[in-house]
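Report on the structure given below.
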Amino acid sequence: MSETDADIEELRASFRAVLEDAAGDIRRHVDAGAARCEPLCAKAAELGWFSLMTPEAFGGLGLGRAAAAALYEELGRVIAPLPMMGAMIATEIIAAHGDAAQKAAWLPRLAAGEGAALSASGVAPNWDDSRFAAGALTGHARELLDSDAAALLVVAAREGDAARWVLAAADGVTVETEELVDRTRGLATARFDNVQGAALTADPDIVASDVLTHASLAIACDSVGGAKAVLDLTVAYLKTREQFGKPIGSFQALKHRCAEHKVAIEAADALVQEAVAHWARNDPGVALLTPLAKALACDVYAAMATDAVQLHGGIGFTWEHVCHLYLKRAKLNQALFGGSAAHRDLAARLLLAA
Amino acid sequence: MAPADKSRRFSPMAHRDDLDAFRAEVRAWLQAIVPEGWFARSAGAPEGEYLAFQRWWFDELQKVGLATPHWPKDWGGEELTLRHQVIVSEEMVRAGAPNPDLFVISLYHLPATLFAHGSPAQRERYLKGVTERGEIWCQGFSEPNAGSDLASLRTRAERRDDIFVVNGQKVWSSFAAHADYCLLLARTDVNAPKKQAGISYFILDMKAPGVTVRRIKQMTGQSEFCEIFLDNVEIPAENLIGAENAGWMIAQSTLSAERGLIIFDLAERMHDAFQREIAAARVARPAWWEDDELRRAFVAHYGDLQALRLMIQRMLRELEANAETGASSLPPLIKVQWSELLRRHTDFWLKAGGLEAQKYSPPLTGGGHVTGNRLQDFMWSYSWTIAGGANEIIKTLIAERVLGLPR
Ligand SMILES: Cc1cc2nc3c(=O)[nH]c(=O)nc-3n(C[C@H](O)[C@H](O)[C@H](O)COP(=O)(O)OP(=O)(O)OC[C@H]3O[C@@H](n4cnc5c(N)ncnc54)[C@H](O)[C@@H]3O)c2cc1C
């Protein structure tokens with residue numbers, strides 16, 4: 001858990017090299033609408049990315065949160081269709097809050113890339129959609145992220161009046177996938193009819209807060225990575241596309257918009273990095289920084305990706321061009337785990353409570 | 001807290017090797033020195049009082065080494081590290097200490113210019129003039145027909161042996177009415193192939209014969225900036241900074257001073273203002289807190305401010321790692337982020353303040369940019385979106401120099 005900045009940068013470079021090579025696979029995945037980007041998933045599993053945060057005792061790399069954040073940013077840069085968030089969040093909460101049996105049952109499988117799904121509906125879990133009694137789940141769980149081929153479902157449920165986090169094997173559970181406009185991620189609803197599960201014994205609110213922090217920062221990093229990439233490709237286009245006998249990037253109306261996006265992205269990056277630094281050292285300051293960072297990074301990314309289509313003109317409106325993929329992911333990022341208004345309201349409550 | 005011991009001598013610099021002790025000493029000094037209620041008393045105070053107060057504050061800062069903590073030792077500074085400077089700023093803000101506004105050009109623009117381009121004699125004379133005599137500087141760049149297009153300036157300086165004779169007019173020059181010296185740009189070669197190539201950079205003595213200063217009343221009602229008329233003013237050649245006709249390049253150092261370091265302290269003050277508003281809201285929730293749109297705007301600005309403060313820290317780290325000027329691409333980004341946040345946030349307070357915020361109350365100089373005088377604060381945000389290069393110009397600069405878009 002004590003990687004230096006230099007270690008992180010080395011890791012980042014290794015992630016980037018692999019992901020840049022995967023551009024063709026990502027594109028084919030999106031065009032085909034396939035459930036999983038198999039070549040990339042297999043490659044990620046082989047490289048141990050799914051085991052990044054898994055303790056070494058369970059066959060993982062045992063790296064810290066800063067390493068995970070670097071991976072998330074790199075995944076965002078290439079809009080990677082990789083079910084990494086569900087798997088890493090599940091790994092983290094099981095490692096932190098699971099009992100010996102839960103750890104032994106799930107950590108090695110998750111580390112091998114088997115995948116976990118959890119609800120991305122809002123800032124707070126929907127405790128009331130599922131009931132847990134005598135070790136079995138009934139009801140349903142909505143808007144599960146990373147459910148494709150997931151082995152594990154992490155479900156918020158009620159046991160009597162109490163809130164519970166329940167781990168259930170996906171085997172034999174009816175999972176209905178909903179197609180999203182953004183084909184790099186999917187959401188699903190799971191229906192439980194007496195499905196066996198095991199509850200985490202930890203305080204459910206603490207687990208909920210760990211889940212939300214991890215998810216928010218994962219999405220914030222993804223957004224910063226995506227925003228930087230789509231700014232870069234927009235600037236590159238403005239340098240080469242010519243109209244009126246000169247590069248369109250020489251027109252001031254366009255320059256100023258790029259400059260404004262650059263300022264905003266740099267600001268979001270600074271805030272996200274700070275939140276990640278607090279997260280990595282488990283500093284309580286992460287609580288306030290995270291919703292601020294999630295809201296800012298997602299809004300900045302959405303603004304950048306929205307403008308990128310406009311700045312590309314007709315080609316930007318085509319399926320063939322990559323712009324729309326960033327736009328769709330940016331819009332989805334804004335909505336996952338609660339929108340910016342919800343995150344700012346959360347920050348407002350924290351500001352008053354502190 | 002224990003009552004301040006006003007009689008003892010304070011010496012933060014004696015504790016510079018121990019950050020905690022350094023902080024404690026700065027805090028103790030501030031507690032003893034910052035006059036109770038200066039804020040309320042200064043609002044609308046006659047100019048003489050404002051000037052005397054600013055001079056007094058500068059002298060006190062100077063006595064304990066905190067007027068020029070960021071300057072190198074050789075030039076009378078303390079060469080404090082970034083971490084020390086952060087502490088000083090935090091403590092100043094915490095104590096609600098005044099800002100030495102009147103000295104902003106003396107403290108930032110002058111050293112940014114002379115460190116890199118001044119002659120040893122100029123540095124000796126003029127930097128010590130600030131540290132030892134509290135000399136006030138102004139900046140004479142803009143002209144009636146040369147604002148954003150600064151390089152088209154027409155004030156003329158003609159060489160006659162060992163003097164330059166200067167004729168022309170400057171405008172919007174802040175503090176010029178009180179200034180001892182002026183950082184002056186003037187044209188020395190009218191035939192240069194590029195207009196940038198014919199400009200030289202001078203030190204102008206504001207008391208020289210032929211210098212006339214006329215105040216301009218600003219939208220805030222104050223008259224902080226002035227016109228400067230130059231009528232056959234003689235400047236000794238030794239007051240040329242750098243080489244003749246090299247003034248344009250040197251002016252960039254002066255301008256970049258405005259786009260980073262000064263904002264550091266202002267951002268800390270804004271952060272403090274946020275903390276005070278939040279603390280007040282904990283005691284009694286203001287009406288705007290219950291308004292979803294306003295509350296979320298407030299939180300968004302809070303996030304923007306934290307991002308800004310982190311960008312500034314990043315810039316300071318980059319500059320510390322590579323002291324060479326221009327080693328960071330962040331200053332223009334910071335200027336845009338700060339000034340636009342200042343506009344949004346001062347506007348937020350107008351919306352949140354309703355009619356109450358429209359009522360006149362006398363402006364306060366030296367309190368930073370979020371003094372609580374809502375309409376004044378809002379109007380002052382233009383000083384950051386216009387001065388030191390209007391934001392439109394800065395955005396073009398970011399697009400071309402940082403993003404590499406074609407001219
Ligand atoms: C409070 C305050 C303090 C100041 N203090 C000083 C001082 O101490 N010393 C000093 O020398 N000057 C000072 N200035 C002057 C300041 O530097 C100029 O006002 C500024 O550079 C803009 O020049 P201008 O006023 O001539 O506006 P103009 O250049 O006429 O600009 C008017 C508008 O046109 C826009 N514009 C102009 N050119 C372009 C372009 N190429 N592309 C896009 N938009 C463009 C501008 O952005 C602006 O919005 C101060 C100004 C203010 C407001």
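In the structure tokens, chains take letters A, B, ... by order of appearance, with residues numbered from 1 within each chain and ligands from 1 in the order shown.
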
Discussion item. Taking only range 140-303 of chain B into account, list the residues labelled alpha helix (DSSP H) by DSSP (computed from the backbone), as number ranges by chain.
Written reply: B: 247-258, 261-283, 292-303

Practice prompt. Return the neighbours of chain A among the residues of chain B, cut-off 10 Å, counting only C-alpha atoms, as a PyMOL selection string.
Written response: chain B and resi 275+278-283+285+289+292-293+295-314+330+332-337+391-400+402-407

Worksheet item: Closest to Val30 in chain A among A:His261, A:Arg281, A:Lys294, A:Arg183, using only C-alpha atoms?
Response: A:Arg183

Practice prompt. Let me have all residues with an atom within 6 Å of ligand 1, counting only C-alpha atoms and all ligand atoms, laid out as a list in words.
Written response: Cys138, Gln139, Gly140, Phe141, Ser142, Ala146, Gly147, Ser148, Trp172, Ser173, Ser174, Ser383, Ile386, Ala387, Gly388, Gly389, Ala390, Asn391, Glu392 and Ile393 of chain B

Could you write those residues out with all heavy atoms, as a short mmCIF file (atom, residue, chain, number, x, y, z; two decimals), in the first residue's frame?
data_model
loop_
_atom_site.label_atom_id
_atom_site.label_comp_id
_atom_site.auth_asym_id
_atom_site.auth_seq_id
_atom_site.Cartn_x
_atom_site.Cartn_y
_atom_site.Cartn_z
N CYS B 138 4.30 51.46 -9.49
CA CYS B 138 3.14 51.23 -10.34
C CYS B 138 3.64 50.70 -11.69
O CYS B 138 4.84 50.59 -11.91
CB CYS B 138 2.33 52.51 -10.53
SG CYS B 138 3.18 53.81 -11.43
N GLN B 139 2.67 50.34 -12.53
CA GLN B 139 3.02 49.71 -13.80
C GLN B 139 2.43 50.54 -14.93
O GLN B 139 1.21 50.73 -14.98
CB GLN B 139 2.45 48.29 -13.80
CG GLN B 139 2.70 47.50 -15.05
CD GLN B 139 1.99 46.15 -14.97
OE1 GLN B 139 1.95 45.53 -13.93
NE2 GLN B 139 1.43 45.72 -16.07
N GLY B 140 3.28 51.05 -15.80
CA GLY B 140 2.81 51.87 -16.91
C GLY B 140 2.94 51.12 -18.22
O GLY B 140 3.88 51.34 -18.99
N PHE B 141 2.04 50.23 -18.45
CA PHE B 141 2.03 49.46 -19.70
C PHE B 141 0.94 49.99 -20.64
O PHE B 141 1.21 50.45 -21.73
CB PHE B 141 1.76 47.97 -19.43
CG PHE B 141 2.94 47.19 -18.90
CD1 PHE B 141 4.04 47.80 -18.34
CD2 PHE B 141 2.92 45.80 -18.96
CE1 PHE B 141 5.12 47.07 -17.84
CE2 PHE B 141 3.99 45.05 -18.49
CZ PHE B 141 5.09 45.67 -17.93
N SER B 142 -0.32 49.94 -20.16
CA SER B 142 -1.46 50.23 -21.03
C SER B 142 -1.48 51.69 -21.47
O SER B 142 -1.04 52.58 -20.73
CB SER B 142 -2.76 49.93 -20.31
OG SER B 142 -2.75 48.64 -19.79
N ALA B 146 -3.52 51.22 -26.74
CA ALA B 146 -2.78 49.95 -26.65
C ALA B 146 -3.17 49.26 -25.35
O ALA B 146 -2.62 49.54 -24.28
CB ALA B 146 -1.27 50.20 -26.70
N GLY B 147 -4.17 48.42 -25.42
CA GLY B 147 -4.61 47.66 -24.26
C GLY B 147 -4.24 46.21 -24.47
O GLY B 147 -3.11 45.80 -24.22
N SER B 148 -5.17 45.46 -25.01
CA SER B 148 -4.87 44.05 -25.33
C SER B 148 -3.74 44.00 -26.35
O SER B 148 -2.86 43.14 -26.27
CB SER B 148 -6.11 43.38 -25.91
OG SER B 148 -7.14 43.39 -24.95
N TRP B 172 -4.88 53.57 -16.90
CA TRP B 172 -5.30 52.47 -16.01
C TRP B 172 -4.17 52.03 -15.08
O TRP B 172 -4.09 50.86 -14.71
CB TRP B 172 -5.78 51.23 -16.77
CG TRP B 172 -6.59 51.43 -18.00
CD1 TRP B 172 -6.37 50.86 -19.20
CD2 TRP B 172 -7.78 52.23 -18.14
NE1 TRP B 172 -7.33 51.26 -20.10
CE2 TRP B 172 -8.20 52.11 -19.47
CE3 TRP B 172 -8.50 53.06 -17.29
CZ2 TRP B 172 -9.32 52.77 -19.98
CZ3 TRP B 172 -9.62 53.72 -17.79
CH2 TRP B 172 -10.02 53.56 -19.11
N SER B 173 -3.30 52.94 -14.73
CA SER B 173 -2.14 52.55 -13.95
C SER B 173 -2.51 52.56 -12.47
O SER B 173 -2.70 53.62 -11.87
CB SER B 173 -1.00 53.53 -14.25
OG SER B 173 0.13 53.14 -13.53
N SER B 174 -2.59 51.37 -11.88
CA SER B 174 -3.02 51.25 -10.49
C SER B 174 -1.98 51.86 -9.54
O SER B 174 -0.78 51.67 -9.74
CB SER B 174 -3.20 49.77 -10.11
OG SER B 174 -4.13 49.18 -10.97
N SER B 383 -11.57 43.41 -12.11
CA SER B 383 -10.13 43.74 -12.10
C SER B 383 -9.34 42.48 -12.44
O SER B 383 -8.25 42.56 -12.98
CB SER B 383 -9.71 44.34 -10.76
OG SER B 383 -9.68 43.34 -9.77
N ILE B 386 -10.09 41.56 -16.42
CA ILE B 386 -9.58 42.52 -17.42
C ILE B 386 -8.09 42.80 -17.25
O ILE B 386 -7.32 42.73 -18.21
CB ILE B 386 -10.36 43.86 -17.35
CG1 ILE B 386 -11.84 43.64 -17.65
CG2 ILE B 386 -9.76 44.87 -18.34
CD1 ILE B 386 -12.70 44.90 -17.50
N ALA B 387 -7.69 43.13 -16.00
CA ALA B 387 -6.30 43.59 -15.83
C ALA B 387 -5.32 42.43 -16.03
O ALA B 387 -5.67 41.26 -15.92
CB ALA B 387 -6.13 44.20 -14.45
N GLY B 388 -4.07 42.82 -16.34
CA GLY B 388 -3.03 41.80 -16.52
C GLY B 388 -3.28 40.93 -17.74
O GLY B 388 -2.85 39.78 -17.79
N GLY B 389 -3.96 41.46 -18.72
CA GLY B 389 -4.34 40.67 -19.90
C GLY B 389 -5.77 40.20 -19.73
O GLY B 389 -6.05 39.39 -18.84
N ALA B 390 -6.68 40.71 -20.57
CA ALA B 390 -8.09 40.31 -20.45
C ALA B 390 -8.20 38.80 -20.70
O ALA B 390 -7.38 38.22 -21.40
CB ALA B 390 -8.93 41.09 -21.46
N ASN B 391 -9.23 38.19 -20.12
CA ASN B 391 -9.34 36.73 -20.22
C ASN B 391 -9.39 36.23 -21.66
O ASN B 391 -8.91 35.14 -21.95
CB ASN B 391 -10.56 36.24 -19.43
CG ASN B 391 -10.23 36.11 -17.95
OD1 ASN B 391 -9.18 36.58 -17.49
ND2 ASN B 391 -11.10 35.45 -17.21
N GLU B 392 -9.97 37.04 -22.54
CA GLU B 392 -10.01 36.61 -23.94
C GLU B 392 -8.59 36.45 -24.49
O GLU B 392 -8.30 35.52 -25.24
CB GLU B 392 -10.77 37.65 -24.79
CG GLU B 392 -12.27 37.71 -24.52
CD GLU B 392 -12.64 38.37 -23.20
OE1 GLU B 392 -11.80 39.06 -22.61
OE2 GLU B 392 -13.79 38.19 -22.75
N ILE B 393 -7.73 37.36 -24.08
CA ILE B 393 -6.34 37.31 -24.54
C ILE B 393 -5.63 36.11 -23.91
O ILE B 393 -4.87 35.39 -24.57
CB ILE B 393 -5.61 38.62 -24.15
CG1 ILE B 393 -6.33 39.83 -24.77
CG2 ILE B 393 -4.14 38.58 -24.54
CD1 ILE B 393 -6.46 39.79 -26.27
#

Discussion item. At a cut-off of 12 Å, using only C-alpha atoms, what residues contact Asp7 in chain A? Leave out same-chain residues fewer than 6 positions from it and give the result as a ChimeraX atom specification.
Written reply: /A:1,13-14,63-64,66-67,70

Requested write-out: N, CA, C and O atoms of the selected residues, as a short mmCIF file (atom, residue, chain, number, x, y, z; two decimals), in the first residue's frame:
data_model
loop_
_atom_site.label_atom_id
_atom_site.label_comp_id
_atom_site.auth_asym_id
_atom_site.auth_seq_id
_atom_site.Cartn_x
_atom_site.Cartn_y
_atom_site.Cartn_z
N MET A 1 0.83 -1.21 0.00
CA MET A 1 0.00 0.00 0.00
C MET A 1 0.85 1.25 0.00
O MET A 1 0.41 2.32 0.36
N ALA A 13 2.06 3.83 -17.12
CA ALA A 13 2.62 3.67 -18.47
C ALA A 13 2.35 2.26 -18.97
O ALA A 13 2.03 2.06 -20.16
N SER A 14 2.44 1.26 -18.08
CA SER A 14 2.20 -0.10 -18.53
C SER A 14 0.72 -0.31 -18.87
O SER A 14 0.39 -0.96 -19.86
N LEU A 63 -1.83 -4.13 -4.38
CA LEU A 63 -1.47 -2.71 -4.57
C LEU A 63 -2.54 -1.81 -3.95
O LEU A 63 -3.66 -2.23 -3.69
N GLY A 64 -2.19 -0.57 -3.76
CA GLY A 64 -3.09 0.35 -3.07
C GLY A 64 -4.07 1.04 -4.00
O GLY A 64 -4.15 0.76 -5.20
N ALA A 66 -4.09 4.14 -4.96
CA ALA A 66 -3.53 5.05 -5.96
C ALA A 66 -3.30 4.30 -7.27
O ALA A 66 -3.48 4.86 -8.36
N ALA A 67 -2.91 3.03 -7.16
CA ALA A 67 -2.69 2.23 -8.37
C ALA A 67 -4.03 1.99 -9.08
O ALA A 67 -4.13 2.07 -10.31
N ALA A 70 -5.05 5.06 -10.96
CA ALA A 70 -4.32 5.21 -12.22
C ALA A 70 -4.94 4.32 -13.29
O ALA A 70 -5.09 4.72 -14.45
#

Fill in: DSSP-assigned strand (DSSP E or B) among range 147-263 of chain B, expressed as a PyMOL selection string
chain B and resi 156-160+163-174+181-187+199-205+211-215+225-236+240-241

Worksheet entry | Selected residue, from A:Asp283, A:Glu38, A:Glu73, A:Glu92, that lies nearest to Leu212 in chain A when counting only C-alpha atoms |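 Answer, going by the shortest atom-to-atom distance: A:Glu92.
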
Worksheet item: CA of Ala68 in chain A to CA of Ile89 in chain A: how many Å, to one decimal?
Response: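 Taking CA of Ala68 in chain A as the start and CA of Ile89 in chain A as the end point, the length is 10.3 Å.
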
Worksheet item: Which neighbours of Asn194 in chain A fall inside 6 Å, counting only C-alpha atoms, when residues of the same chain fewer than 5 positions from it are skipped, and could you give them as an MDAnalysis selection string?
Response: chainID A and resid 136:138

Expected file: the selected residues, N, CA and C atoms, as a CSV table (one decimal), in the first residue's frame:
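Listing of selection_21.csv after writing:
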chain,number,residue,atom,x,y,z
A,136,ALA,N,-31.3,-16.4,2.7
A,136,ALA,CA,-31.7,-16.4,1.3
A,136,ALA,C,-32.3,-15.1,0.9
A,137,LEU,N,-32.1,-14.7,-0.4
A,137,LEU,CA,-32.6,-13.4,-0.9
A,137,LEU,C,-33.9,-13.6,-1.7
A,138,THR,N,-34.8,-12.7,-1.5
A,138,THR,CA,-36.0,-12.6,-2.4
A,138,THR,C,-36.1,-11.1,-2.8

Worksheet item: Between CA of Lys228 in chain A and CA of Tyr301 in chain A, what is the distance, to one decimal in Å?
Response: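 For CA of Lys228 in chain A relative to CA of Tyr301 in chain A, the distance reads 8.4 Å.
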
Practice prompt. Show which residues sit within 12 Å of Glu158 in chain B, as a ChimeraX atom specification. Count only C-alpha atoms, and ignore same-chain residues fewer than 4 positions away.
Written response: /B:162-168,186-190,198-200,232-237,244-245

Fill in: Which residue of A:Val18, A:Ala32, A:Ala156, A:Leu233 approaches Ala80 in chain A most closely, using only C-alpha atoms
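Result for the nearest residue to Ala80 in chain A: A:Val18.
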
Item to complete: List the neighbours of Arg83 in chain B out to 12 Å using only C-alpha atoms; skip same-chain residues closer than 6 positions along the sequence, and give me the result as a ChimeraX atom specification.
Response: /B:16-20,22-23,69-70,89-90,313,316-317,320

Item to complete: Please provide as a ChimeraX atom specification all residues within 12 Å of Ile315 in chain A, with the sequence filter that same-chain residues fewer than 5 positions apart are discarded (counting only C-alpha atoms).
Response: /A:234,237,241,308-310,320-324

May I have the selected residues written with N, CA and C atoms, as a compact mmCIF listing (two decimals), in the first residue's frame?
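The file below, out_9.txt, is the result:
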# COMPACT_ATOMS: atom_id res chain seq x y z
N THR A 234 -9.49 16.38 -30.06
CA THR A 234 -10.15 17.54 -30.65
C THR A 234 -9.11 18.57 -31.09
N TYR A 237 -7.45 17.49 -34.19
CA TYR A 237 -8.31 17.68 -35.37
C TYR A 237 -8.31 19.15 -35.81
N ARG A 241 -7.71 20.04 -39.76
CA ARG A 241 -8.87 20.33 -40.61
C ARG A 241 -8.81 21.78 -41.09
N ALA A 308 -16.89 18.45 -28.08
CA ALA A 308 -16.02 17.75 -29.05
C ALA A 308 -16.81 17.40 -30.31
N VAL A 309 -18.04 16.93 -30.15
CA VAL A 309 -18.86 16.58 -31.31
C VAL A 309 -19.08 17.83 -32.17
N GLN A 310 -19.44 18.92 -31.51
CA GLN A 310 -19.68 20.18 -32.24
C GLN A 310 -18.42 20.63 -32.98
N GLU A 320 -18.99 6.25 -37.08
CA GLU A 320 -17.61 5.81 -37.31
C GLU A 320 -16.61 6.53 -36.40
N HIS A 321 -16.85 7.82 -36.20
CA HIS A 321 -15.90 8.59 -35.40
C HIS A 321 -16.00 8.22 -33.93
N VAL A 322 -14.93 8.48 -33.20
CA VAL A 322 -14.88 8.03 -31.80
C VAL A 322 -15.57 9.03 -30.84
N CYS A 323 -15.82 10.25 -31.30
CA CYS A 323 -16.37 11.30 -30.42
C CYS A 323 -17.60 10.85 -29.63
N HIS A 324 -18.53 10.21 -30.33
CA HIS A 324 -19.79 9.88 -29.66
C HIS A 324 -19.58 8.87 -28.54

Item to complete: Quick one: pull the distance between CA of Thr68 in chain B and CA of Ser119 in chain B, Å, one decimal.
Response: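 Value for the CA of Thr68 in chain B-CA of Ser119 in chain B distance: 19.9 Å.
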
Determine, using only C-alpha atoms, which residues of range 58-81 of chain A have any atom at most 9 Å from an atom of range 101-109 of chain A, and tabulate each with its shortest atom pair and distance in Å to one decimal place, rows ordered by chain and then rising number, as a Markdown table.
| residue | atom | partner | partner_atom | distance |
| --- | --- | --- | --- | --- |
| A:Phe58 | CA | A:Pro108 | CA | 5.7 |
| A:Gly59 | CA | A:Pro108 | CA | 6.3 |
| A:Gly60 | CA | A:Pro108 | CA | 7.7 |

Item to complete: Check the smallest atom-to-atom distance from each of A:Gln334, A:Thr4, A:Thr91, A:Gln196 to Ala120 in chain A using only C-alpha atoms, then report the winner.
Response: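 Result for the nearest residue to Ala120 in chain A: A:Gln334.
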